[in-house]
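Peer 1: Here it is, the structure, as structure tokens.
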Amino acid sequence: MSTPRRVAILGSTGSIGIQALEVISAHPESFRVVALCAGTNAALLAEQARTFRPELVGIRDDDAAKGLADQLKGLGAEVLSGVESAEHIAAHSQADVVLNAVTGSIGLKPTLAALRSGATLALANKESLVVGGALVQQAVQRPGQVVPVDSEHSALAQALASGRHQKGVCAVPRPGEGELTGETEVAKLILTASGGPFRGWTAQDLAAVTPEQALKHPNFAMGVMVTTNSATMVNKALEVVEAHLLFDVPLERIDTVIHPQQYIHSLVEFHDGSTMAQAGPPRMLVPIALGLSWPDRLHKVDSPIDWTRPMSWEFEPLDHGAFPAVQLAKHAAAASATHMAVYNAANEQAVEAFHTGRLGFTGIVATVEQVLAQHTGVSQSAADLDTVLGAEEWARQAAEALIARTTPTVSGGAR
Ligand SMILES: NC(=O)C1=CN([C@@H]2O[C@H](COP(=O)(O)OP(=O)(O)OC[C@H]3O[C@@H](n4cnc5c(N)ncnc54)[C@H](OP(=O)(O)O)[C@@H]3O)[C@@H](O)[C@H]2O)C=CC1
Ligand SMILES: CC(=O)[C@@H](O)[C@H](O)COP(=O)(O)O
Ligand SMILES: [Mn+2]
């Protein structure tokens, strides 16, 4: 890369945000941080701002914002606070790349703003795509404007580059190929899943799971929401829909396979019977770096797999009986334009209730299922932003009403 790319990071104090700043620190010639935005952690945000000297700094929490401007005096940064900060930064930071690494569907407006600004959207916040669906697809201004950071989808994008697939908002033409024609050689996308901490457990075993157990992901140190979603398989459910929306592959041609070691990040099967797997250590540095530098690769982002060491990689089918989240999402995504917004919002409420001791572990997906059953759905043409946000709000209230009537099987919470 010749001129450094201007990068805005939404969610800079989280797991992805911190690792993105590590990548940028190691490649100062390639990037310039122009904006940083966080939710509540003013102390870390101030430290990051002192190191990276962005033009804009935003924080959602108004209390946490008190004093932030004072701490940053003399740096020349404009300091914003409030719930609109991330969206404002996405729209106005004049970034070449906006990394959306906030958690939850609160990331939807920033995702739309980033796309409308013309910036490349490095997308870790899968919820915004899954919830916004066609709204996000329609905000895309050019093929390839969305670059996935989620490890499975980064793997799919890398594997798709091996065959002709000129479809989707993340279209992957072969190098040097011209106009997009919609042609595809892709038969299937196969997403790998770790299986989470409860791989092999029965539905009965799962009933007594505690928040502490659910937060022990076998391979990755991630935020509370995505870690809990990995344990329930809601993460894989969101990822199946994310892949469908990114690459325009029908839901029925997207499969999942449990691969506990997570060295293979996902696979693409082509119509001649060949399968491309993308492999790497179970870490996020490479997907993050590719998100910032796509389609170029940076040097020495992470240590590669050590092939001198004996290793065994296992694969097994997902137990849809004990973990119904993926099938539930496939049905929801096919049902209407607002069903996935309802799915995700009910899940966000249920995860919060689980961690505050108000709901048992299996109650999370059960709540999502029951809220979906009450939702009538909205057609694609009627699903504007207000309608999607309205469906979300309705789902949060419906989930809370169900949770209030539930007696949790475990007491106490992690937070
Ligand atoms: N962590 C990982 O390895 C992976 C994560 N992802 C996805 O990436 C996203 C982020 O995950 P992760 O980094 O683990 O999550 P974390 O919980 O670690 O971090 C979330 C970040 O978002 C910030 N934030 C929350 N709400 C707002 C808001 N309204 N405005 C601005 N900032 C906000 C938080 O700020 P603060 O801490 O200051 O409150 C924090 O910086 C999720 O969508 C997740 O599914 C995908 C693949 C892998
Ligand atoms: C690293 C990453 O992309 C996470 O989404 C991770 O893949 C979670 O893994 P599982 O949901 O398969 O446990
Ligand atoms: Mn993932």
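FYI, nothing fancy with the structure tokens labels: chains A, B, ... in order, residues from 1 per chain, ligands from 1 as they appear.
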According to DSSP computed on the backbone, where in range 17-120 of chain A is there strand (DSSP E or B)? Give the residues as a list in words.
Peer 2: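 Across range 17-120 of chain A, those assigned strand (DSSP E or B) are Phe31, Arg32, Val33, Val34, Ala35, Leu36, Cys37, Ala38, Leu56, Val57, Gly58, Ile59, Glu78, Val79, Leu80, Ser81, Val97, Val98, Leu99, Asn100 and Thr120 of chain A.
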Peer 1: What would the file look like if the residues just selected were written as an mmCIF file, in the first residue's frame with C-alpha atoms?
Peer 2:
```cif
data_model
loop_
_atom_site.group_PDB
_atom_site.id
_atom_site.type_symbol
_atom_site.label_atom_id
_atom_site.label_comp_id
_atom_site.auth_asym_id
_atom_site.auth_seq_id
_atom_site.Cartn_x
_atom_site.Cartn_y
_atom_site.Cartn_z
ATOM 1 C CA PHE A 31 -2.456 2.904 8.371
ATOM 2 C CA ARG A 32 -3.342 6.140 10.097
ATOM 3 C CA VAL A 33 -5.967 5.961 12.904
ATOM 4 C CA VAL A 34 -8.347 8.888 12.332
ATOM 5 C CA ALA A 35 -11.119 8.000 14.785
ATOM 6 C CA LEU A 36 -11.678 5.843 17.853
ATOM 7 C CA CYS A 37 -14.997 5.086 19.498
ATOM 8 C CA ALA A 38 -15.966 3.076 22.582
ATOM 9 C CA LEU A 56 -12.158 12.188 16.393
ATOM 10 C CA VAL A 57 -12.833 10.345 19.653
ATOM 11 C CA GLY A 58 -16.309 9.164 20.651
ATOM 12 C CA ILE A 59 -17.821 7.451 23.662
ATOM 13 C CA GLU A 78 -12.736 16.452 18.635
ATOM 14 C CA VAL A 79 -14.489 14.552 21.449
ATOM 15 C CA LEU A 80 -18.058 13.292 21.023
ATOM 16 C CA SER A 81 -20.339 11.557 23.489
ATOM 17 C CA VAL A 97 -11.827 1.990 6.186
ATOM 18 C CA VAL A 98 -14.363 1.903 9.018
ATOM 19 C CA LEU A 99 -13.876 -1.126 11.273
ATOM 20 C CA ASN A 100 -17.210 -1.813 12.943
ATOM 21 C CA THR A 120 -14.765 0.317 3.010
#
```
Peer 1: Env of Val378 in chain A: 7 Å cut, atoms = only C-alpha atoms, seq-sep filter 5 positions within chain, self excluded. Answer as a list in words.
Peer 2: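 My list of contacting residues is Ser336, Ala337, Thr338 and Ala383 of chain A.
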Peer 1: Would you mind telling me which residue in A:Thr227, A:Ser151, A:Ser93, A:Gln213 lies nearest to Ser266 in chain A when using only C-alpha atoms?
Peer 2: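 Among the listed residues, the smallest separation from Ser266 in chain A belongs to A:Ser151.
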Peer 1: Mind giving me the straight-line distance from CA of Pro260 in chain A to CA of Phe315 in chain A in Å, one decimal?
Peer 2: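 Between these atoms lies a distance of 7.3 Å.
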Peer 1: Can you tell me which residues come within 8 Å of ligand 3 when counting only C-alpha atoms and all ligand atoms, ideally as a CSV table (one decimal) with C-alpha atoms, in the first residue's frame?
Peer 2:
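Resulting contents of selection27.csv:
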```csv
chain,number,residue,atom,x,y,z
A,150,ASP,CA,-15.4,-12.5,11.2
A,151,SER,CA,-12.9,-15.4,10.9
A,152,GLU,CA,-15.2,-17.8,9.0
A,153,HIS,CA,-16.2,-15.2,6.5
A,235,ASN,CA,-23.1,-17.3,17.0
A,236,LYS,CA,-23.0,-20.0,14.2
A,239,GLU,CA,-22.9,-16.5,10.9
```
Peer 1: Closest to Ala277 in chain A among A:Val224, A:Leu191, A:Ala8, A:Val301, using only C-alpha atoms?
Peer 2: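 Closest residue, counting only C-alpha atoms: A:Leu191.
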Peer 1: Counting only C-alpha atoms and all ligand atoms, what are the residues, protein, DNA or RNA alike, that approach ligand 2 to within 9 Å? I want them as a VMD selection string.
Peer 2: chain A and resid 124 149 to 154 191 to 197 217 to 222 226 to 237 239 258 to 260 262 265 282 to 284 287
Peer 1: Store the residues picked out above in a file with C-alpha atoms, as an mmCIF file, in the first residue's frame.
Peer 2:
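Okay, selection37.cif is ready:
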```cif
data_model
loop_
_atom_site.group_PDB
_atom_site.id
_atom_site.type_symbol
_atom_site.label_atom_id
_atom_site.label_comp_id
_atom_site.auth_asym_id
_atom_site.auth_seq_id
_atom_site.Cartn_x
_atom_site.Cartn_y
_atom_site.Cartn_z
ATOM 1 C CA ALA A 124 -16.772 -7.609 12.664
ATOM 2 C CA VAL A 149 -13.564 -9.624 9.656
ATOM 3 C CA ASP A 150 -15.439 -12.538 11.223
ATOM 4 C CA SER A 151 -12.932 -15.398 10.923
ATOM 5 C CA GLU A 152 -15.230 -17.800 9.048
ATOM 6 C CA HIS A 153 -16.236 -15.187 6.491
ATOM 7 C CA SER A 154 -12.694 -13.963 6.031
ATOM 8 C CA LEU A 191 -18.791 -22.890 8.130
ATOM 9 C CA THR A 192 -16.674 -24.516 10.814
ATOM 10 C CA ALA A 193 -17.783 -24.232 14.450
ATOM 11 C CA SER A 194 -15.765 -24.946 17.575
ATOM 12 C CA GLY A 195 -18.771 -26.548 19.273
ATOM 13 C CA GLY A 196 -18.164 -24.214 22.212
ATOM 14 C CA PRO A 197 -17.544 -25.357 25.794
ATOM 15 C CA HIS A 217 -14.618 -20.594 24.978
ATOM 16 C CA PRO A 218 -12.221 -23.408 23.976
ATOM 17 C CA ASN A 219 -10.049 -21.271 21.664
ATOM 18 C CA PHE A 220 -10.829 -17.541 21.631
ATOM 19 C CA ALA A 221 -10.856 -14.702 24.214
ATOM 20 C CA MET A 222 -13.805 -12.615 23.025
ATOM 21 C CA VAL A 226 -20.153 -13.461 21.226
ATOM 22 C CA THR A 227 -18.694 -15.961 23.723
ATOM 23 C CA THR A 228 -22.136 -16.763 25.101
ATOM 24 C CA ASN A 229 -23.471 -16.998 21.546
ATOM 25 C CA SER A 230 -20.736 -19.519 20.730
ATOM 26 C CA ALA A 231 -21.858 -21.641 23.674
ATOM 27 C CA THR A 232 -25.522 -21.649 22.531
ATOM 28 C CA MET A 233 -24.592 -21.922 18.797
ATOM 29 C CA VAL A 234 -26.407 -18.648 18.195
ATOM 30 C CA ASN A 235 -23.055 -17.341 16.951
ATOM 31 C CA LYS A 236 -23.008 -19.995 14.231
ATOM 32 C CA ALA A 237 -26.661 -19.259 13.477
ATOM 33 C CA GLU A 239 -22.855 -16.542 10.877
ATOM 34 C CA ILE A 258 -17.978 -28.904 14.153
ATOM 35 C CA HIS A 259 -14.180 -28.611 14.106
ATOM 36 C CA PRO A 260 -13.044 -28.228 17.723
ATOM 37 C CA GLN A 262 -10.595 -24.216 14.698
ATOM 38 C CA HIS A 265 -11.795 -21.377 9.506
ATOM 39 C CA PRO A 282 -7.222 -19.973 15.891
ATOM 40 C CA ARG A 283 -6.511 -16.271 16.295
ATOM 41 C CA MET A 284 -8.077 -13.098 14.890
ATOM 42 C CA PRO A 287 -8.788 -11.722 9.611
#
```
